[in-house]
>>> print(open('target_26.cif').read())   # mmCIF, C-alpha atoms
data_final
loop_
_atom_site.label_atom_id
_atom_site.label_comp_id
_atom_site.auth_asym_id
_atom_site.auth_seq_id
_atom_site.Cartn_x
_atom_site.Cartn_y
_atom_site.Cartn_z
CA MET A 1 -35.57 -74.70 66.41
CA ASP A 2 -35.46 -73.41 69.99
CA ASN A 3 -31.73 -74.00 70.08
CA LEU A 4 -29.28 -74.32 67.23
CA ALA A 5 -26.53 -76.05 69.18
CA ASN A 6 -26.97 -79.32 67.30
CA LYS A 7 -26.48 -77.52 64.01
CA ASN A 8 -23.13 -76.06 65.00
CA SER A 9 -20.99 -79.01 63.97
CA THR A 10 -17.99 -76.76 63.43
CA THR A 11 -18.15 -74.96 66.77
CA ASN A 12 -15.29 -76.74 68.51
CA ASP A 13 -12.71 -76.34 65.76
CA LYS A 14 -13.47 -72.62 65.43
CA LYS A 15 -12.67 -71.73 69.04
CA ASN A 16 -9.50 -70.17 70.36
CA ILE A 17 -8.49 -68.75 66.99
CA HIS A 18 -5.83 -66.06 67.09
CA ILE A 19 -6.47 -63.06 64.90
CA SER A 20 -3.29 -61.44 63.63
CA SER A 21 -3.16 -57.69 63.16
CA ASN A 22 -2.65 -58.40 59.46
CA VAL A 23 -5.91 -60.34 59.22
CA GLY A 24 -6.90 -58.45 56.07
CA GLY A 25 -3.71 -59.49 54.33
CA LEU A 26 -2.58 -55.90 53.69
CA GLN A 27 0.68 -54.18 54.53
CA ASP A 28 0.52 -50.91 56.48
CA ASN A 29 0.34 -48.59 53.47
CA GLN A 30 -0.90 -50.95 50.79
CA ILE A 31 -3.85 -49.84 48.66
CA THR A 32 -6.26 -52.54 47.49
CA PHE A 33 -9.08 -51.67 45.11
CA VAL A 34 -12.37 -53.45 45.75
CA ASN A 35 -13.40 -53.62 42.08
CA PHE A 36 -16.38 -51.39 42.57
CA SER A 37 -16.92 -47.91 41.21
CA ASN A 38 -19.88 -45.58 41.04
CA ASN A 39 -20.90 -41.93 40.96
CA TYR A 40 -20.70 -40.00 44.23
CA CYS A 41 -20.58 -36.43 45.50
CA VAL A 42 -17.02 -35.69 46.63
CA CYS A 43 -15.91 -32.63 48.61
CA ILE A 44 -12.78 -30.96 49.95
CA ILE A 45 -12.61 -28.37 52.72
CA ASP A 46 -9.35 -26.65 53.57
CA ILE A 47 -8.03 -23.84 55.74
CA ILE A 48 -6.86 -20.75 53.87
CA ASP A 49 -3.28 -19.70 54.64
CA SER A 50 -2.94 -21.95 57.68
CA THR A 51 0.87 -21.67 57.63
CA ASN A 52 0.80 -17.91 58.23
CA ASN A 53 -2.00 -18.29 60.77
CA THR A 54 0.10 -20.64 62.90
CA PHE A 55 3.49 -19.00 62.27
CA ASP A 56 3.47 -17.02 65.51
CA ILE A 57 2.09 -19.89 67.62
CA LEU A 58 5.12 -21.20 69.50
CA GLU A 59 3.60 -24.02 71.55
CA SER A 60 3.00 -27.28 69.70
CA LYS A 61 0.04 -27.89 72.00
CA LYS A 62 -1.57 -24.67 70.75
CA ILE A 63 -0.99 -25.62 67.11
CA LYS A 64 -2.69 -28.96 67.74
CA GLN A 65 -5.62 -27.13 69.31
CA TYR A 66 -5.89 -24.86 66.28
CA TYR A 67 -6.25 -27.79 63.87
CA SER A 68 -8.31 -29.91 66.26
CA VAL A 69 -11.02 -27.26 66.71
CA PHE A 70 -11.39 -26.94 62.95
CA LEU A 71 -11.16 -30.63 62.02
CA ASN A 72 -13.39 -31.90 64.83
CA THR A 73 -16.09 -29.31 64.18
CA MET A 74 -16.16 -30.02 60.44
CA THR A 75 -16.04 -33.79 60.89
CA SER A 76 -19.07 -33.58 63.20
CA ILE A 77 -21.03 -31.54 60.65
CA ILE A 78 -20.11 -33.97 57.85
CA GLY A 79 -21.33 -36.93 59.91
CA ARG A 80 -24.64 -35.25 60.73
CA HIS A 81 -25.34 -34.81 57.03
CA GLY A 82 -24.56 -38.38 56.03
CA GLY A 83 -21.04 -37.75 54.74
CA LYS A 84 -17.99 -39.88 55.34
CA VAL A 85 -14.53 -38.45 55.92
CA ILE A 86 -11.93 -40.30 53.88
CA LYS A 87 -8.76 -38.62 55.13
CA ASN A 88 -7.26 -35.41 56.36
CA ALA A 89 -3.94 -34.03 55.23
CA GLY A 90 -2.92 -31.33 57.67
CA ASP A 91 -5.31 -28.48 57.02
CA ASN A 92 -7.86 -30.15 54.74
CA LEU A 93 -10.47 -32.89 54.71
CA LEU A 94 -11.53 -35.11 51.82
CA TYR A 95 -15.02 -36.53 52.25
CA TYR A 96 -17.88 -37.93 50.21
CA PHE A 97 -21.56 -38.82 50.46
CA PRO A 98 -22.20 -42.57 50.01
CA ASN A 99 -25.96 -42.23 49.52
CA THR A 100 -25.51 -40.02 46.44
CA MET A 101 -24.79 -43.19 44.47
CA ASN A 102 -28.45 -43.04 43.48
CA GLU A 103 -29.50 -39.76 41.83
CA SER A 104 -33.10 -40.35 42.88
CA ASN A 105 -32.03 -39.79 46.51
CA TYR A 106 -32.49 -36.07 46.13
CA LEU A 107 -32.53 -35.46 49.89
CA ASP A 108 -29.00 -36.88 50.09
CA PHE A 109 -27.85 -34.50 47.37
CA GLN A 110 -29.44 -31.66 49.29
CA ASP A 111 -27.44 -32.82 52.32
CA VAL A 112 -24.28 -32.10 50.31
CA ILE A 113 -25.35 -28.46 49.98
CA GLU A 114 -26.64 -28.21 53.54
CA CYS A 115 -23.44 -29.74 54.88
CA GLY A 116 -21.24 -27.18 53.11
CA LEU A 117 -23.41 -24.23 54.07
CA SER A 118 -23.60 -25.46 57.67
CA MET A 119 -19.81 -25.46 57.71
CA ILE A 120 -19.82 -21.85 56.56
CA ASP A 121 -22.43 -21.01 59.20
CA ALA A 122 -20.19 -22.58 61.86
CA LYS A 123 -17.38 -20.06 61.33
CA ASP A 124 -18.42 -17.81 64.22
CA GLN A 125 -18.61 -20.81 66.53
CA VAL A 126 -15.17 -22.03 65.44
CA ASP A 127 -13.65 -18.56 65.84
CA LEU A 128 -15.14 -18.29 69.33
CA LEU A 129 -13.58 -21.61 70.37
CA LEU A 130 -10.25 -20.53 68.93
CA ASN A 131 -10.41 -17.17 70.69
CA LEU A 132 -11.13 -18.84 74.03
CA ASN A 133 -7.87 -20.76 73.55
CA GLY A 134 -5.93 -17.66 72.57
CA LEU A 135 -5.76 -18.67 68.92
CA PRO A 136 -6.29 -16.62 65.74
CA PRO A 137 -9.55 -16.77 63.72
CA ILE A 138 -9.81 -19.15 60.79
CA ASN A 139 -10.94 -18.95 57.17
CA TYR A 140 -11.73 -21.89 54.95
CA ARG A 141 -13.37 -22.88 51.66
CA ILE A 142 -15.30 -25.86 50.30
CA SER A 143 -15.49 -27.42 46.85
CA ALA A 144 -17.76 -30.23 45.64
CA SER A 145 -18.02 -32.30 42.48
CA TYR A 146 -19.85 -35.37 41.22
CA GLY A 147 -18.71 -38.32 39.16
CA LYS A 148 -17.28 -41.82 39.06
CA VAL A 149 -15.12 -42.87 41.99
CA GLU A 150 -13.03 -46.00 42.54
CA LEU A 151 -13.16 -47.39 46.07
CA ALA A 152 -10.18 -48.92 47.85
CA ILE A 153 -9.03 -50.26 51.22
CA VAL A 154 -5.92 -48.82 52.89
CA GLY A 155 -3.49 -51.08 54.76
CA ASN A 156 -4.08 -52.65 58.14
CA SER A 157 -6.48 -49.90 59.17
CA HIS A 158 -8.99 -51.25 56.64
CA SER A 159 -10.15 -47.68 56.17
CA GLY A 160 -11.59 -46.59 52.85
CA ASP A 161 -10.09 -44.36 50.21
CA ILE A 162 -11.46 -42.95 46.97
CA PHE A 163 -9.85 -42.16 43.63
CA GLY A 164 -11.19 -40.63 40.47
CA THR A 165 -12.09 -37.54 38.50
CA PRO A 166 -14.23 -35.83 41.20
CA VAL A 167 -11.32 -35.97 43.66
CA ASN A 168 -8.98 -34.44 41.10
CA ILE A 169 -11.52 -31.77 40.16
CA CYS A 170 -12.08 -30.71 43.76
CA SER A 171 -8.31 -30.45 44.25
CA LYS A 172 -8.12 -28.31 41.12
CA ILE A 173 -11.02 -25.93 41.78
CA ASN A 174 -10.83 -25.54 45.54
CA HIS A 175 -8.62 -22.44 45.32
CA PHE A 176 -11.23 -20.78 43.06
CA ALA A 177 -13.43 -20.36 46.14
CA SER A 178 -13.26 -17.17 48.14
CA SER A 179 -12.79 -17.15 51.88
CA ASN A 180 -15.66 -18.93 53.65
CA GLN A 181 -17.40 -19.87 50.43
CA MET A 182 -18.76 -23.11 48.98
CA ILE A 183 -18.44 -23.82 45.27
CA ILE A 184 -19.58 -26.77 43.15
CA HIS A 185 -18.26 -28.06 39.85
CA ARG A 186 -20.48 -27.98 36.77
CA ASP A 187 -20.97 -31.79 36.86
CA LEU A 188 -22.67 -31.51 40.24
CA TYR A 189 -24.49 -28.34 39.21
CA GLN A 190 -26.11 -30.17 36.28
CA VAL A 191 -27.46 -32.82 38.68
CA MET A 192 -28.65 -30.21 41.18
CA LYS A 193 -30.56 -28.34 38.45
CA GLU A 194 -32.93 -31.31 38.18
CA MET A 195 -33.61 -31.49 41.91
CA PRO A 196 -36.90 -30.13 43.37
CA TYR A 197 -35.04 -27.90 45.87
CA PHE A 198 -32.82 -26.15 43.28
CA ASP A 199 -34.65 -22.82 43.65
CA ASP A 200 -34.19 -22.88 47.43
CA TYR A 201 -30.56 -21.78 47.00
CA MET A 202 -28.66 -19.12 45.08
CA PHE A 203 -26.25 -20.53 42.47
CA GLU A 204 -23.97 -18.15 40.62
CA GLU A 205 -21.33 -19.01 38.04
CA LEU A 206 -17.90 -17.76 39.06
CA ASP A 207 -16.36 -15.09 36.87
CA ARG A 208 -12.93 -16.44 35.93
CA SER A 209 -12.11 -14.00 33.14
CA ASN A 210 -8.93 -13.04 35.03
CA ASP A 211 -7.65 -16.61 34.57
CA VAL A 212 -7.00 -16.03 30.88
CA ASN A 213 -3.22 -16.20 31.33
CA GLU A 214 -3.20 -19.15 33.68
CA TYR A 215 -5.72 -21.46 32.00
CA SER A 216 -6.65 -22.26 28.43
CA GLU A 217 -10.21 -21.69 27.30
CA TYR A 218 -10.74 -25.46 27.43
CA ASP A 219 -9.61 -25.62 31.06
CA ARG A 220 -11.79 -22.69 32.04
CA ASN A 221 -14.80 -24.45 30.52
CA ALA A 222 -13.86 -27.84 31.97
CA TYR A 223 -13.57 -26.34 35.45
CA THR A 224 -16.70 -24.18 35.35
CA THR A 225 -17.82 -23.67 38.94
CA TYR A 226 -20.72 -22.11 40.79
CA SER A 227 -20.92 -20.52 44.21
CA VAL A 228 -23.74 -21.65 46.50
CA ARG A 229 -25.43 -19.38 49.03
CA ARG A 230 -28.53 -19.30 51.15
CA PHE A 231 -31.18 -16.65 50.56
CA GLU A 232 -30.82 -13.73 52.95
CA ASP A 233 -34.56 -13.61 53.60
CA ILE A 234 -34.86 -15.05 57.13
CA ASN A 235 -38.47 -16.13 56.70
CA LYS A 236 -37.66 -17.96 53.46
CA GLN A 237 -34.73 -19.68 55.12
CA LYS A 238 -36.87 -20.83 58.05
CA GLU A 239 -39.42 -22.18 55.58
CA ILE A 240 -36.71 -24.15 53.74
CA GLU A 241 -35.29 -25.55 57.00
CA SER A 242 -38.76 -26.62 58.12
CA LYS A 243 -39.37 -28.34 54.79
CA ILE A 244 -36.07 -30.23 55.01
CA LEU A 245 -36.82 -31.46 58.53
CA GLU A 246 -40.29 -32.64 57.51
CA LEU A 247 -38.99 -34.50 54.45
CA HIS A 248 -36.36 -36.30 56.53
CA ALA A 249 -38.95 -37.12 59.20
CA GLU A 250 -41.28 -38.52 56.55
CA ARG A 251 -38.52 -40.70 55.13
CA LYS A 252 -37.78 -42.00 58.63
CA ARG A 253 -41.47 -42.80 59.20
CA ILE A 254 -41.63 -44.69 55.92
CA ASN A 255 -38.56 -46.77 56.82
CA GLN A 256 -39.87 -47.59 60.29
CA ASN A 257 -43.25 -48.71 58.93
CA LYS A 258 -41.89 -50.98 56.22
CA ASN A 259 -42.97 -54.62 56.23
CA ASN A 260 -40.35 -57.29 56.93
CA SER A 261 -40.54 -58.32 53.27
CA SER A 262 -39.16 -54.91 52.32
CA PHE A 263 -35.87 -55.63 54.14
CA ASN A 264 -33.13 -57.52 52.31
CA ILE A 265 -30.72 -59.66 54.30
CA LEU A 266 -27.49 -61.24 53.05
CA LEU A 267 -26.44 -64.40 54.96
CA ILE A 268 -22.97 -65.94 54.63
CA ASP A 269 -21.76 -69.10 56.40
CA ASP A 270 -19.58 -71.90 55.03
CA ASP A 271 -21.44 -74.47 57.17
CA ARG A 272 -24.31 -75.53 54.93
CA ASP A 273 -26.36 -76.97 57.81
CA ILE A 274 -26.22 -73.67 59.70
CA LEU A 275 -26.90 -71.76 56.49
CA PHE A 276 -30.03 -73.82 55.81
CA THR A 277 -31.29 -73.45 59.38
CA TYR A 278 -30.73 -69.70 59.59
CA THR A 279 -32.23 -69.14 56.14
CA ALA A 280 -35.43 -71.02 57.02
CA MET A 281 -35.71 -69.22 60.34
CA ILE A 282 -35.27 -65.73 58.90
CA LYS A 283 -37.59 -66.43 55.97
CA SER A 284 -40.28 -67.50 58.44
CA GLN A 285 -40.37 -63.88 59.68
CA GLY A 286 -41.06 -62.58 56.18
CA PHE A 287 -37.63 -61.09 55.48
CA THR A 288 -36.17 -61.31 51.98
CA ILE A 289 -32.96 -63.30 52.32
CA THR A 290 -30.10 -64.24 50.00
CA SER A 291 -27.65 -66.82 51.33
CA PHE A 292 -24.20 -68.04 50.31
CA SER A 293 -21.88 -70.73 51.64
CA ASN A 294 -19.08 -69.38 49.43
CA PRO A 295 -17.86 -65.96 50.68
CA TYR A 296 -16.40 -65.07 47.26
CA GLU A 297 -19.79 -65.55 45.64
CA ALA A 298 -21.35 -63.39 48.36
CA LEU A 299 -18.81 -60.63 47.71
CA ASN A 300 -19.48 -60.79 43.97
CA ASP A 301 -23.23 -60.60 44.57
CA PHE A 302 -22.85 -57.64 46.93
CA SER A 303 -20.78 -55.63 44.46
CA THR A 304 -22.53 -56.51 41.20
CA THR A 305 -26.14 -56.47 42.36
CA ASN A 306 -26.03 -53.22 44.36
CA PRO A 307 -24.13 -52.56 47.61
CA TYR A 308 -27.16 -50.63 48.86
CA LEU A 309 -29.62 -53.46 48.25
CA TYR A 310 -28.96 -55.15 51.58
CA ASP A 311 -30.17 -53.68 54.86
CA LEU A 312 -28.24 -56.23 56.93
CA VAL A 313 -25.39 -58.70 56.39
CA ILE A 314 -25.15 -61.70 58.74
CA MET A 315 -21.96 -63.72 58.49
CA ASP A 316 -19.49 -66.03 60.14
CA ILE A 317 -15.96 -64.84 60.87
CA ARG A 318 -13.77 -67.82 60.06
CA MET A 319 -14.45 -68.97 56.50
CA PRO A 320 -12.15 -70.50 53.86
CA GLY A 321 -10.57 -68.25 51.27
CA ILE A 322 -11.79 -64.90 52.53
CA ASN A 323 -12.77 -64.51 56.17
CA GLY A 324 -15.51 -62.37 57.66
CA ILE A 325 -13.13 -59.57 58.61
CA LYS A 326 -11.91 -59.16 55.04
CA LEU A 327 -15.51 -59.20 53.86
CA TYR A 328 -16.43 -56.63 56.50
CA SER A 329 -13.75 -54.25 55.22
CA LYS A 330 -14.84 -54.62 51.60
CA PHE A 331 -18.55 -54.32 52.37
CA LYS A 332 -18.00 -51.19 54.47
CA VAL A 333 -15.95 -49.53 51.75
CA MET A 334 -18.68 -50.20 49.17
CA ASN A 335 -21.48 -49.20 51.55
CA PRO A 336 -20.36 -47.53 54.80
CA ASN A 337 -23.93 -47.60 56.10
CA VAL A 338 -24.61 -51.31 55.73
CA LYS A 339 -25.33 -53.03 59.05
CA ILE A 340 -23.31 -56.17 59.77
CA LEU A 341 -23.92 -58.86 62.39
CA PHE A 342 -21.32 -61.54 63.11
CA VAL A 343 -22.58 -64.93 64.28
CA SER A 344 -19.49 -66.95 65.13
CA ALA A 345 -17.92 -69.53 67.42
CA LEU A 346 -14.76 -67.45 67.49
CA ASP A 347 -13.61 -66.87 71.07
CA ALA A 348 -11.12 -64.06 70.38
CA VAL A 349 -13.82 -61.38 70.53
CA ASN A 350 -11.82 -58.95 72.68
CA GLU A 351 -8.87 -59.13 70.30
CA LEU A 352 -11.21 -58.59 67.36
CA LEU A 353 -12.73 -55.52 69.00
CA SER A 354 -9.31 -54.06 69.79
CA LEU A 355 -8.19 -54.42 66.17
CA PHE A 356 -11.42 -53.04 64.73
CA PRO A 357 -12.85 -50.42 67.13
CA GLU A 358 -15.70 -49.68 64.72
CA ILE A 359 -17.07 -53.17 65.46
CA LYS A 360 -19.09 -53.20 68.68
CA GLU A 361 -19.52 -56.15 70.99
CA SER A 362 -23.26 -55.95 70.30
CA ASP A 363 -22.45 -56.65 66.62
CA ILE A 364 -21.29 -60.18 67.51
CA LEU A 365 -23.40 -63.18 68.55
CA ARG A 366 -21.59 -66.31 69.67
CA LYS A 367 -22.60 -69.75 68.45
CA PRO A 368 -24.53 -71.67 69.54
CA VAL A 369 -27.29 -69.06 69.41
CA GLU A 370 -30.94 -69.61 70.19
CA SER A 371 -33.36 -68.90 67.37
CA GLN A 372 -35.35 -66.24 69.23
CA GLU A 373 -32.16 -64.45 70.26
CA LEU A 374 -31.09 -64.22 66.62
CA LEU A 375 -34.50 -63.07 65.40
CA ASP A 376 -34.76 -60.43 68.13
CA LYS A 377 -31.29 -59.17 67.24
CA ILE A 378 -32.16 -58.93 63.56
CA SER A 379 -35.34 -57.01 64.30
CA THR A 380 -33.52 -54.59 66.61
CA ILE A 381 -30.75 -53.87 64.10
CA ILE A 382 -33.02 -53.44 61.09
CA ARG A 383 -35.60 -51.26 62.83
CA ASN A 384 -33.02 -49.02 64.48
#
>>> encode(input="target_26.cif", output="structure tokens")
Amino acid sequence: MDNLANKNSTTNDKKNIHISSNVGGLQDNQITFVNFSNNYCVCIIDIIDSTNNTFDILESKKIKQYYSVFLNTMTSIIGRHGGKVIKNAGDNLLYYFPNTMNESNYLDFQDVIECGLSMIDAKDQVDLLLNLNGLPPINYRISASYGKVELAIVGNSHSGDIFGTPVNICSKINHFASSNQMIIHRDLYQVMKEMPYFDDYMFEELDRSNDVNEYSEYDRNAYTTYSVRRFEDINKQKEIESKILELHAERKRINQNKNNSSFNILLIDDDRDILFTYTAMIKSQGFTITSFSNPYEALNDFSTTNPYLYDLVIMDIRMPGINGIKLYSKFKVMNPNVKILFVSALDAVNELLSLFPEIKESDILRKPVESQELLDKISTIIRN
């Protein structure tokens, strides 16, 4: 097994394949649902009264700076806490937390709170950056909810989108929040109440008695919301921060020390000879592997078993019916954190990378590939 060249019977006819920009089969603005839904934490952050704030800014360059400082700062904070930005619409961001699919991942639910409060904490930093550019200060608010979300792919960008009750709720309740405040809907509050860190934060139900003319009693109950704040005691806050860091460090240590048998790998290749060879090779290292020669069956397994079951997906690019790029888009929508390695004879790597900038050259191995090269690559990806 030192070299798999003899197994690559389909190498020659897979070379020099042109990848069209419409490789996913979608029109520019077409929405395609991936037939997978689950519960997630969903959030919206928006600027308060941005129109008036920018009314006196005459230069378009300055207006772009105003929004860029806000959006880039918030996007960075979201990423650090494990969130994924779905889209921005002018002065707001819609984002969600993929790892909250499992309610036992209590640290990921805490990241939802920490992310929002970190955004509030960043106000002085954002205002300073704006002031340095001669721009007015900014105020914003954050809302969060929890519930079932439908996942979809958007057009040629293959980016993800989400639809469902939590998105609608956040849109509805976001204006309940005061300036520079985070609020959560009652559905998320009920989940948070069961978490071990609940008492580390101050939750207070919003008084909406003044809404009596605008909302029915049913609506006021349906949209019950709670503000979230840190404790003002500095020592208590430092203690909480230290505990969070230690818990995340412990989780990282556990992941790094896992045996190979604890890692699940999904392998997809329509060449049965290559599939057999790779499967035997990877199994010999103790990894748990599930393999498919039919990409549709692999997609069905990924979505129905659990998109978070697999630590790594290894697949060919050119396959009948549904190619590796289409699978990549669907897998990443269902689990944005899943690691994917392409092993392919496809020569149009540069074109592939230009169409999908999120795919790195290091994510692609070209056939024929030596066995040790593949095993080393797997180990590097999984242990990273």
>>> closest_residue(input="target_26.cif", among="A:Ile162, A:Ile48, A:Leu93, A:Val228", to="A:Val112", atoms="all atoms listed in the file")
A:Val228
>>> closest_residue(input="target_26.cif", among="A:Leu151, A:Ile378, A:Val333, A:Leu365", to="A:Met281", atoms="all atoms listed in the file")
A:Ile378
>>> resolve_selection(input="target_26.cif", expression="the PyMOL selection byres ((chain A and resi 238-252) around 10)", output="PyMOL selection string")
chain A and resi 107-108+110-111+114+197+200-201+230-231+233-237+253-257
>>> closest_residue(input="target_26.cif", among="A:Ile45, A:Tyr96, A:Val85, A:Arg229", to="A:Ile142", atoms="only C-alpha atoms")
A:Ile45
>>> resolve_selection(input="target_26.cif", expression="the PyMOL selection byres ((chain A and resi 126) around 12)", output="number ranges by chain")
A: 65-74, 118-125, 127-133, 135-140
>>> atom_distance(input="target_26.cif", atom1="atom CA of A:Ser143", atom2="atom CA of A:Asp161")
18.1 Å
>>> closest_residue(input="target_26.cif", among="A:Thr54, A:Ser37, A:Ser329, A:Asn337", to="A:Leu312", atoms="all atoms listed in the file")
A:Asn337
>>> closest_residue(input="target_26.cif", among="A:His185, A:Lys339, A:His175, A:Lys367", to="A:Arg141", atoms="all atoms listed in the file")
A:His175
>>> residues_near_point(input="target_26.cif", point="(-28.2, -21.9, 40.7)", cutoff="12 Å", atoms="all atoms listed in the file", output="VMD selection string")
chain A and resid 113 183 to 186 188 to 195 197 to 206 225 to 231
>>> closest_residue(input="target_26.cif", among="A:Met182, A:Ile322, A:Ile274, A:Ile173", to="A:Val369", atoms="all atoms listed in the file")
A:Ile274
>>> resolve_selection(input="target_26.cif", expression="the PyMOL selection byres ((chain A and resi 272) around 12)", output="PyMOL selection string")
chain A and resi 7-10+267-271+273-279+291-294+316+319
>>> atom_distance(input="target_26.cif", atom1="atom CA of A:Ala298", atom2="atom CA of A:Leu266")
8.0 Å
>>> atom_distance(input="target_26.cif", atom1="atom CA of A:Tyr146", atom2="atom CA of A:Pro166")
5.6 Å
>>> residues_around(input="target_26.cif", residues="A:Gly324", least_positions_apart="6", cutoff="12 Å", atoms="all atoms listed in the file", output="compact mmCIF listing (two decimals) with C-alpha atoms, in the frame of the given file")
# COMPACT_ATOMS: atom_id res chain seq x y z
CA ILE A 19 -6.47 -63.06 64.90
CA VAL A 23 -5.91 -60.34 59.22
CA GLY A 24 -6.90 -58.45 56.07
CA LEU A 267 -26.44 -64.40 54.96
CA ILE A 268 -22.97 -65.94 54.63
CA ASP A 269 -21.76 -69.10 56.40
CA ASP A 270 -19.58 -71.90 55.03
CA ASN A 294 -19.08 -69.38 49.43
CA PRO A 295 -17.86 -65.96 50.68
CA TYR A 296 -16.40 -65.07 47.26
CA ALA A 298 -21.35 -63.39 48.36
CA LEU A 299 -18.81 -60.63 47.71
CA VAL A 313 -25.39 -58.70 56.39
CA ILE A 314 -25.15 -61.70 58.74
CA MET A 315 -21.96 -63.72 58.49
CA ASP A 316 -19.49 -66.03 60.14
CA ILE A 317 -15.96 -64.84 60.87
CA ARG A 318 -13.77 -67.82 60.06
CA LYS A 330 -14.84 -54.62 51.60
CA PHE A 331 -18.55 -54.32 52.37
CA LYS A 332 -18.00 -51.19 54.47
CA ILE A 340 -23.31 -56.17 59.77
CA LEU A 341 -23.92 -58.86 62.39
CA PHE A 342 -21.32 -61.54 63.11
CA VAL A 343 -22.58 -64.93 64.28
CA SER A 344 -19.49 -66.95 65.13
CA LEU A 346 -14.76 -67.45 67.49
CA LEU A 352 -11.21 -58.59 67.36
CA ILE A 364 -21.29 -60.18 67.51
>>> residues_around(input="target_26.cif", residues="stretch 259-263 of chain A", least_positions_apart="5", cutoff="10 Å", atoms="all atoms listed in the file", output="PyMOL selection string")
chain A and resi 283+285-289+309-312+379+382-383
>>> axis_aligned_box(input="target_26.cif", around="stretch 49-66 of chain A", padding_each_side="8 Å", output="lines of an AutoDock Vina configuration file")
center_x = -0.4
center_y = -23.0
center_z = 63.3
size_x = 27.0
size_y = 27.9
size_z = 33.4
